[in-house]
$ cat final23.tsv   # TSV, C-alpha atoms
chain	number	residue	atom	x	y	z
A	1	VAL	CA	120.67	98.31	90.34
A	2	GLN	CA	119.70	95.86	93.05
A	3	LEU	CA	116.19	95.75	94.44
A	4	GLN	CA	115.11	94.28	97.73
A	5	ALA	CA	111.43	93.80	98.44
A	6	SER	CA	110.01	93.15	101.88
A	7	GLY	CA	106.71	93.12	103.75
A	8	GLY	CA	104.89	90.16	102.29
A	9	GLY	CA	102.84	87.79	104.38
A	10	LEU	CA	99.56	86.04	105.05
A	11	VAL	CA	96.49	88.19	105.63
A	12	GLN	CA	92.73	87.82	105.54
A	13	ALA	CA	90.41	89.24	102.94
A	14	GLY	CA	89.72	92.89	103.64
A	15	ASP	CA	93.03	93.44	105.41
A	16	SER	CA	95.78	95.84	104.38
A	17	LEU	CA	99.44	95.18	103.74
A	18	ARG	CA	102.38	97.36	102.72
A	19	LEU	CA	105.30	96.16	100.64
A	20	SER	CA	108.59	98.03	100.50
A	21	CYS	CA	111.26	98.00	97.82
A	22	ALA	CA	114.69	99.51	98.39
A	23	ALA	CA	117.04	100.16	95.48
A	24	SER	CA	120.82	100.12	95.78
A	25	GLY	CA	123.83	100.14	93.53
A	26	ARG	CA	123.92	102.37	90.47
A	27	THR	CA	120.71	104.25	91.18
A	28	ALA	CA	121.68	107.75	90.10
A	29	ASN	CA	119.70	107.43	86.86
A	30	THR	CA	116.77	105.45	88.14
A	31	TYR	CA	113.66	107.11	86.72
A	32	ALA	CA	110.81	104.84	87.69
A	33	MET	CA	110.07	101.98	90.06
A	34	GLY	CA	107.11	99.69	89.96
A	35	TRP	CA	105.41	96.49	90.99
A	36	PHE	CA	104.33	93.40	89.14
A	37	ARG	CA	102.78	90.21	90.44
A	38	GLN	CA	102.49	86.61	89.40
A	39	ALA	CA	99.86	84.26	90.71
A	40	PRO	CA	100.30	80.47	90.53
A	41	GLY	CA	99.73	79.23	87.01
A	42	LYS	CA	99.33	82.72	85.60
A	43	GLU	CA	101.51	85.12	83.69
A	44	ARG	CA	103.19	88.07	85.31
A	45	GLU	CA	100.83	91.01	85.69
A	46	PHE	CA	101.55	94.73	85.89
A	47	VAL	CA	100.40	96.35	89.14
A	48	GLY	CA	101.64	99.91	89.04
A	49	VAL	CA	104.59	102.25	88.57
A	50	ILE	CA	105.71	105.57	89.95
A	51	SER	CA	108.07	108.19	88.59
A	52	LEU	CA	110.82	109.03	91.07
A	53	ARG	CA	111.14	112.39	89.36
A	54	ASP	CA	107.66	113.84	89.83
A	55	GLY	CA	105.72	111.19	91.76
A	56	SER	CA	103.21	110.56	89.01
A	57	GLY	CA	101.74	107.08	88.99
A	58	TYR	CA	100.06	104.64	86.66
A	59	TYR	CA	98.08	101.63	87.85
A	60	ALA	CA	96.45	98.53	86.48
A	61	GLU	CA	92.68	98.75	86.33
A	62	SER	CA	92.32	95.60	88.43
A	63	ILE	CA	93.78	97.26	91.53
A	64	LYS	CA	93.01	100.92	90.97
A	65	GLY	CA	91.45	102.48	94.04
A	66	ARG	CA	92.76	99.77	96.38
A	67	PHE	CA	96.52	99.92	95.83
A	68	THR	CA	98.75	102.99	96.03
A	69	ILE	CA	102.44	103.39	95.28
A	70	SER	CA	104.45	106.03	97.13
A	71	LYS	CA	108.13	106.89	97.20
A	72	ASP	CA	110.91	108.06	99.44
A	73	ASN	CA	113.59	109.50	97.20
A	74	ALA	CA	116.06	109.95	100.03
A	75	ARG	CA	116.00	106.20	100.66
A	76	ILE	CA	115.40	105.30	96.98
A	77	THR	CA	112.51	103.24	98.26
A	78	VAL	CA	109.00	102.74	96.99
A	79	TYR	CA	106.02	101.35	98.85
A	80	LEU	CA	102.98	99.44	97.67
A	81	GLN	CA	100.07	100.05	100.02
A	82	MET	CA	97.43	97.40	99.45
A	83	ASN	CA	94.02	97.90	101.01
A	84	ASN	CA	90.88	95.77	101.00
A	85	LEU	CA	92.86	92.76	99.86
A	86	LYS	CA	91.05	89.97	98.06
A	87	PRO	CA	91.97	86.30	97.64
A	88	GLU	CA	92.64	86.99	93.95
A	89	ASP	CA	95.44	89.34	95.03
A	90	THR	CA	97.41	86.30	96.18
A	91	ALA	CA	100.65	86.28	94.23
A	92	VAL	CA	104.37	86.79	94.36
A	93	TYR	CA	104.93	90.53	94.08
A	94	TYR	CA	108.02	91.73	92.27
A	95	CYS	CA	109.66	95.12	92.50
A	96	ALA	CA	111.16	96.57	89.34
A	97	ALA	CA	113.02	99.68	88.23
A	98	SER	CA	114.10	101.41	85.05
A	99	ASP	CA	116.57	104.04	83.95
A	100	ARG	CA	114.53	104.70	80.83
A	101	GLY	CA	111.39	106.71	80.37
A	102	ALA	CA	112.33	110.24	81.34
A	103	ASP	CA	111.65	111.49	77.80
A	104	TRP	CA	108.60	109.34	77.03
A	105	GLY	CA	105.96	111.64	78.46
A	106	THR	CA	104.01	108.68	79.80
A	107	LEU	CA	104.45	105.78	82.21
A	108	HIS	CA	102.24	103.40	80.20
A	109	PRO	CA	105.04	101.47	78.43
A	110	PHE	CA	106.25	100.23	81.80
A	111	ARG	CA	103.26	97.90	82.00
A	112	TYR	CA	105.16	95.67	79.57
A	113	GLY	CA	108.28	95.44	81.69
A	114	MET	CA	111.18	97.25	83.30
A	115	ASP	CA	114.95	96.93	83.29
A	116	PHE	CA	115.84	95.70	86.76
A	117	TRP	CA	114.05	93.17	88.92
A	118	GLY	CA	114.15	92.13	92.53
A	119	LYS	CA	113.26	88.87	94.17
A	120	GLY	CA	109.61	88.50	94.89
A	121	ALA	CA	107.62	88.85	98.08
A	122	GLN	CA	104.81	86.38	98.69
A	123	VAL	CA	101.41	87.84	99.50
A	124	THR	CA	98.70	85.37	100.45
A	125	VAL	CA	95.14	86.50	101.10
A	126	SER	CA	92.82	84.00	102.74
A	127	SER	CA	89.05	84.18	102.38
$ encode --input "final23.tsv" --output "C-alpha coordinates"
Amino acid sequence: VQLQASGGGLVQAGDSLRLSCAASGRTANTYAMGWFRQAPGKEREFVGVISLRDGSGYYAESIKGRFTISKDNARITVYLQMNNLKPEDTAVYYCAASDRGADWGTLHPFRYGMDFWGKGAQVTVSS
(Lines of atoms letter the chains of each structure in order from A and count residues from 1; the text may use other names and numbers.)
(Lines give C-alpha, C1' and ligand atoms only; values in the text may rest on other atoms or scores of the structure.)
Protein backbone atom coordinates (compact mmCIF):
# COMPACT_ATOMS: atom_id res chain seq x y z
CA VAL A 1 0.00 0.00 0.00
CA GLN A 2 1.37 3.38 -0.99
CA LEU A 3 0.17 6.56 0.67
CA GLN A 4 0.46 10.06 -0.67
CA ALA A 5 -0.29 12.99 1.59
CA SER A 6 -0.89 16.51 0.36
CA GLY A 7 -2.23 19.86 1.52
CA GLY A 8 0.36 21.02 4.01
CA GLY A 9 1.50 24.61 4.24
CA LEU A 10 2.06 27.72 6.30
CA VAL A 11 -0.94 29.24 8.06
CA GLN A 12 -1.63 31.62 10.91
CA ALA A 13 -2.99 30.71 14.30
CA GLY A 14 -6.74 30.31 14.15
CA ASP A 15 -6.75 29.31 10.49
CA SER A 16 -7.97 26.04 9.02
CA LEU A 17 -6.18 23.57 6.79
CA ARG A 18 -7.14 20.27 5.20
CA LEU A 19 -4.72 17.44 4.50
CA SER A 20 -5.51 14.65 2.08
CA CYS A 21 -4.10 11.14 1.91
CA ALA A 22 -4.68 8.89 -1.08
CA ALA A 23 -3.94 5.16 -0.89
CA SER A 24 -2.92 3.07 -3.87
CA GLY A 25 -1.57 -0.37 -4.58
CA ARG A 26 -2.91 -3.37 -2.70
CA THR A 27 -5.72 -1.58 -0.90
CA ALA A 28 -8.46 -4.20 -1.08
CA ASN A 29 -7.95 -5.14 2.58
CA THR A 30 -7.23 -1.72 3.98
CA TYR A 31 -9.31 -1.41 7.15
CA ALA A 32 -8.22 1.84 8.71
CA MET A 33 -6.32 4.99 7.81
CA GLY A 34 -5.00 7.57 10.18
CA TRP A 35 -2.73 10.49 10.90
CA PHE A 36 0.28 10.97 13.11
CA ARG A 37 2.50 13.99 13.55
CA GLN A 38 6.02 14.74 14.65
CA ALA A 39 7.17 18.13 15.83
CA PRO A 40 10.86 19.10 15.81
CA GLY A 41 12.68 17.44 18.68
CA LYS A 42 9.64 15.43 19.74
CA GLU A 43 8.47 11.88 19.30
CA ARG A 44 5.82 10.92 16.81
CA GLU A 45 2.33 11.58 18.14
CA PHE A 46 -0.98 9.93 17.28
CA VAL A 47 -3.57 12.33 15.86
CA GLY A 48 -6.51 10.20 14.82
CA VAL A 49 -7.76 7.22 12.84
CA ILE A 50 -10.86 6.29 10.91
CA SER A 51 -12.32 2.95 9.95
CA LEU A 52 -12.91 2.69 6.22
CA ARG A 53 -15.55 0.09 6.95
CA ASP A 54 -17.98 2.03 9.13
CA GLY A 55 -16.51 5.53 9.39
CA SER A 56 -15.98 5.37 13.13
CA GLY A 57 -13.15 7.52 14.41
CA TYR A 58 -10.80 7.80 17.34
CA TYR A 59 -8.83 10.94 18.16
CA ALA A 60 -6.08 12.10 20.45
CA GLU A 61 -7.31 14.23 23.32
CA SER A 62 -4.97 17.07 22.33
CA ILE A 63 -6.83 17.74 19.08
CA LYS A 64 -10.32 16.50 19.83
CA GLY A 65 -12.94 19.04 18.83
CA ARG A 66 -10.59 20.86 16.43
CA PHE A 67 -9.55 18.11 14.02
CA THR A 68 -11.83 15.77 12.09
CA ILE A 69 -11.00 12.83 9.85
CA SER A 70 -13.32 11.94 6.98
CA LYS A 71 -13.11 9.42 4.17
CA ASP A 72 -13.95 8.85 0.56
CA ASN A 73 -14.01 5.11 0.02
CA ALA A 74 -14.40 5.42 -3.73
CA ARG A 75 -11.08 7.25 -3.92
CA ILE A 76 -9.54 5.37 -0.95
CA THR A 77 -8.73 8.78 0.42
CA VAL A 78 -8.95 10.24 3.89
CA TYR A 79 -8.92 13.87 4.91
CA LEU A 80 -7.73 15.61 8.04
CA GLN A 81 -9.66 18.82 8.58
CA MET A 82 -7.80 21.00 11.05
CA ASN A 83 -9.59 24.01 12.49
CA ASN A 84 -8.48 26.70 14.92
CA LEU A 85 -4.86 25.77 14.38
CA LYS A 86 -2.35 26.63 17.08
CA PRO A 87 1.43 27.10 16.88
CA GLU A 88 1.84 23.85 18.82
CA ASP A 89 0.19 22.03 15.91
CA THR A 90 3.29 22.73 13.84
CA ALA A 91 4.68 19.38 12.77
CA VAL A 92 5.22 17.00 9.91
CA TYR A 93 1.96 15.11 9.49
CA TYR A 94 2.13 11.51 8.37
CA CYS A 95 -0.63 9.44 6.83
CA ALA A 96 -0.81 5.77 7.77
CA ALA A 97 -2.92 2.73 6.99
CA SER A 98 -3.48 -0.79 8.24
CA ASP A 99 -4.98 -4.03 7.03
CA ARG A 100 -5.44 -5.21 10.60
CA GLY A 101 -8.08 -4.32 13.11
CA ALA A 102 -11.33 -5.50 11.58
CA ASP A 103 -11.85 -8.01 14.40
CA TRP A 104 -10.53 -5.90 17.29
CA GLY A 105 -13.74 -4.11 18.15
CA THR A 106 -11.85 -0.90 18.84
CA LEU A 107 -9.59 1.57 17.05
CA HIS A 108 -7.53 2.38 20.15
CA PRO A 109 -4.53 0.12 19.38
CA PHE A 110 -3.82 2.19 16.28
CA ARG A 111 -2.54 5.00 18.47
CA TYR A 112 0.64 2.94 18.83
CA GLY A 113 1.23 2.59 15.11
CA MET A 114 -0.02 1.29 11.79
CA ASP A 115 1.33 -0.93 9.04
CA PHE A 116 1.92 1.40 6.11
CA TRP A 117 3.27 4.93 6.11
CA GLY A 118 3.41 7.78 3.66
CA LYS A 119 5.81 10.65 3.37
CA GLY A 120 4.97 13.53 5.61
CA ALA A 121 3.34 16.87 4.90
CA GLN A 122 4.70 19.91 6.70
CA VAL A 123 2.20 22.05 8.57
CA THR A 124 3.52 25.27 10.06
CA VAL A 125 1.32 27.50 12.20
CA SER A 126 2.61 30.98 12.93
CA SER A 127 1.47 32.98 15.94
$ closest_residue --input "final23.tsv" --among "A:Gln81, A:Gln4, A:Thr106, A:Gln12" --to "Gly120 in chain A" --atoms "all atoms listed in the file"
A:Gln4
$ residues_around --input "final23.tsv" --residues "Asp99 in chain A" --least-positions-apart "4" --cutoff "7 Å" --atoms "all atoms listed in the file" --output "ChimeraX atom specification"
/A:29-32
$ residues_around --input "final23.tsv" --residues "Pro40 in chain A" --least-positions-apart "3" --cutoff "9 Å" --atoms "only C-alpha atoms" --output "PDB file with C-alpha atoms, keeping the file's coordinate frame"
ATOM      1  CA  GLU A  43     101.510  85.120  83.690  1.00  0.00           C
ATOM      2  CA  THR A  90      97.410  86.300  96.180  1.00  0.00           C
ATOM      3  CA  ALA A  91     100.650  86.280  94.230  1.00  0.00           C
ATOM      4  CA  VAL A  92     104.370  86.790  94.360  1.00  0.00           C
TER       5      VAL A  92
END
$ closest_residue --input "final23.tsv" --among "A:Thr77, A:Ser56, A:Gln38, A:Ser16" --to "Ala102 in chain A" --atoms "all atoms listed in the file"
A:Ser56
$ residues_around --input "final23.tsv" --residues "Arg37 in chain A" --least-positions-apart "5" --cutoff "12 Å" --atoms "all atoms listed in the file" --output "VMD selection string"
chain A and resid 42 to 48 60 62 to 63 80 88 to 96 111 113 117 to 124
$ axis_aligned_box --input "final23.tsv" --around "range 34-50 of chain A" --padding-each-side "4 Å" --output "JSON"
{"center_x": 103.2, "center_y": 92.4, "center_z": 87.3, "size_x": 15.8, "size_y": 34.3, "size_z": 15.3}
$ closest_residue --input "final23.tsv" --among "A:Ser51, A:Ser70, A:Ser127, A:Ser98" --to "Ser20 in chain A" --atoms "all atoms listed in the file"
A:Ser70
$ atom_distance --input "final23.tsv" --atom1 "CA of Val49 in chain A" --atom2 "CA of Phe110 in chain A"
7.3 Å
$ residues_around --input "final23.tsv" --residues "Gly25 in chain A" --least-positions-apart "4" --cutoff "9 Å" --atoms "all atoms listed in the file" --output "list in words"
Val1, Gln2 and Leu3 of chain A
$ residues_around --input "final23.tsv" --residues "Ile50 in chain A" --least-positions-apart "4" --cutoff "7 Å" --atoms "all atoms listed in the file" --output "VMD selection string"
chain A and resid 32 to 34 55 to 58 69
$ closest_residue --input "final23.tsv" --among "A:Ala23, A:Leu17, A:Ala5, A:Leu107" --to "Arg75 in chain A" --atoms "only C-alpha atoms"
A:Ala23
$ closest_residue --input "final23.tsv" --among "A:Val125, A:Ala28, A:Leu10, A:Ala39" --to "Ile76 in chain A" --atoms "only C-alpha atoms"
A:Ala28
$ atom_distance --input "final23.tsv" --atom1 "CA of Arg18 in chain A" --atom2 "CA of Lys86 in chain A"
14.3 Å
$ closest_residue --input "final23.tsv" --among "A:Ser6, A:Glu61, A:Gly14, A:Ser126" --to "Leu85 in chain A" --atoms "only C-alpha atoms"
A:Gly14
$ atom_distance --input "final23.tsv" --atom1 "CA of Arg100 in chain A" --atom2 "CA of Arg53 in chain A"
12.0 Å
$ build_atoms --input "final23.tsv" --residues "range 23-34 of chain A" --atoms "all heavy atoms" --output "JSON list (two decimals), keeping the file's coordinate frame"
[["chain", "number", "residue", "atom", "x", "y", "z"],
["A", 23, "ALA", "N", 116.09, 100.28, 96.58],
["A", 23, "ALA", "CA", 117.04, 100.16, 95.48],
["A", 23, "ALA", "C", 118.44, 100.52, 95.97],
["A", 23, "ALA", "O", 118.60, 101.41, 96.81],
["A", 23, "ALA", "CB", 116.64, 101.07, 94.33],
["A", 24, "SER", "N", 119.43, 99.83, 95.43],
["A", 24, "SER", "CA", 120.82, 100.12, 95.78],
["A", 24, "SER", "C", 121.68, 99.89, 94.54],
["A", 24, "SER", "O", 121.22, 99.37, 93.52],
["A", 24, "SER", "CB", 121.28, 99.25, 96.95],
["A", 24, "SER", "OG", 121.19, 97.88, 96.59],
["A", 25, "GLY", "N", 122.94, 100.28, 94.66],
["A", 25, "GLY", "CA", 123.83, 100.14, 93.53],
["A", 25, "GLY", "C", 123.85, 101.41, 92.69],
["A", 25, "GLY", "O", 123.84, 102.51, 93.21],
["A", 26, "ARG", "N", 123.84, 101.24, 91.39],
["A", 26, "ARG", "CA", 123.92, 102.37, 90.47],
["A", 26, "ARG", "C", 122.53, 102.96, 90.24],
["A", 26, "ARG", "O", 121.90, 102.75, 89.21],
["A", 26, "ARG", "CB", 124.58, 101.95, 89.17],
["A", 26, "ARG", "CG", 125.96, 101.35, 89.36],
["A", 26, "ARG", "CD", 126.62, 100.98, 88.07],
["A", 26, "ARG", "NE", 126.96, 102.18, 87.28],
["A", 26, "ARG", "CZ", 127.66, 102.15, 86.15],
["A", 26, "ARG", "NH1", 128.07, 100.98, 85.66],
["A", 26, "ARG", "NH2", 127.92, 103.24, 85.49],
["A", 27, "THR", "N", 122.07, 103.73, 91.20],
["A", 27, "THR", "CA", 120.71, 104.25, 91.18],
["A", 27, "THR", "C", 120.59, 105.70, 90.75],
["A", 27, "THR", "O", 119.50, 106.26, 90.74],
["A", 27, "THR", "CB", 120.06, 104.10, 92.56],
["A", 27, "THR", "OG1", 120.85, 104.86, 93.49],
["A", 27, "THR", "CG2", 120.01, 102.65, 93.02],
["A", 28, "ALA", "N", 121.70, 106.32, 90.41],
["A", 28, "ALA", "CA", 121.68, 107.75, 90.10],
["A", 28, "ALA", "C", 120.72, 108.09, 88.96],
["A", 28, "ALA", "O", 120.14, 109.17, 88.92],
["A", 28, "ALA", "CB", 123.08, 108.23, 89.77],
["A", 29, "ASN", "N", 120.56, 107.16, 88.02],
["A", 29, "ASN", "CA", 119.70, 107.43, 86.86],
["A", 29, "ASN", "C", 118.35, 106.74, 86.91],
["A", 29, "ASN", "O", 117.61, 106.76, 85.94],
["A", 29, "ASN", "CB", 120.42, 107.01, 85.58],
["A", 29, "ASN", "CG", 121.66, 107.83, 85.31],
["A", 29, "ASN", "OD1", 121.69, 109.04, 85.56],
["A", 29, "ASN", "ND2", 122.71, 107.18, 84.83],
["A", 30, "THR", "N", 118.04, 106.16, 88.04],
["A", 30, "THR", "CA", 116.77, 105.45, 88.14],
["A", 30, "THR", "C", 115.62, 106.43, 87.99],
["A", 30, "THR", "O", 115.50, 107.39, 88.74],
["A", 30, "THR", "CB", 116.65, 104.72, 89.48],
["A", 30, "THR", "OG1", 117.74, 103.80, 89.61],
["A", 30, "THR", "CG2", 115.33, 103.94, 89.56],
["A", 31, "TYR", "N", 114.75, 106.19, 87.02],
["A", 31, "TYR", "CA", 113.66, 107.11, 86.72],
["A", 31, "TYR", "C", 112.33, 106.63, 87.31],
["A", 31, "TYR", "O", 111.54, 107.44, 87.79],
["A", 31, "TYR", "CB", 113.50, 107.26, 85.21],
["A", 31, "TYR", "CG", 112.26, 108.02, 84.83],
["A", 31, "TYR", "CD1", 112.17, 109.39, 85.07],
["A", 31, "TYR", "CD2", 111.15, 107.38, 84.28],
["A", 31, "TYR", "CE1", 111.02, 110.09, 84.76],
["A", 31, "TYR", "CE2", 110.00, 108.07, 83.96],
["A", 31, "TYR", "CZ", 109.95, 109.43, 84.20],
["A", 31, "TYR", "OH", 108.81, 110.12, 83.90],
["A", 32, "ALA", "N", 112.09, 105.35, 87.23],
["A", 32, "ALA", "CA", 110.81, 104.84, 87.69],
["A", 32, "ALA", "C", 111.00, 103.51, 88.42],
["A", 32, "ALA", "O", 111.93, 102.75, 88.13],
["A", 32, "ALA", "CB", 109.85, 104.64, 86.51],
["A", 33, "MET", "N", 110.10, 103.27, 89.36],
["A", 33, "MET", "CA", 110.07, 101.98, 90.06],
["A", 33, "MET", "C", 108.63, 101.50, 90.09],
["A", 33, "MET", "O", 107.69, 102.31, 90.15],
["A", 33, "MET", "CB", 110.64, 102.12, 91.47],
["A", 33, "MET", "CG", 112.12, 102.44, 91.48],
["A", 33, "MET", "SD", 112.82, 102.66, 93.14],
["A", 33, "MET", "CE", 112.71, 101.00, 93.80],
["A", 34, "GLY", "N", 108.47, 100.20, 90.03],
["A", 34, "GLY", "CA", 107.11, 99.69, 89.96],
["A", 34, "GLY", "C", 106.97, 98.32, 90.57],
["A", 34, "GLY", "O", 107.92, 97.76, 91.12]]
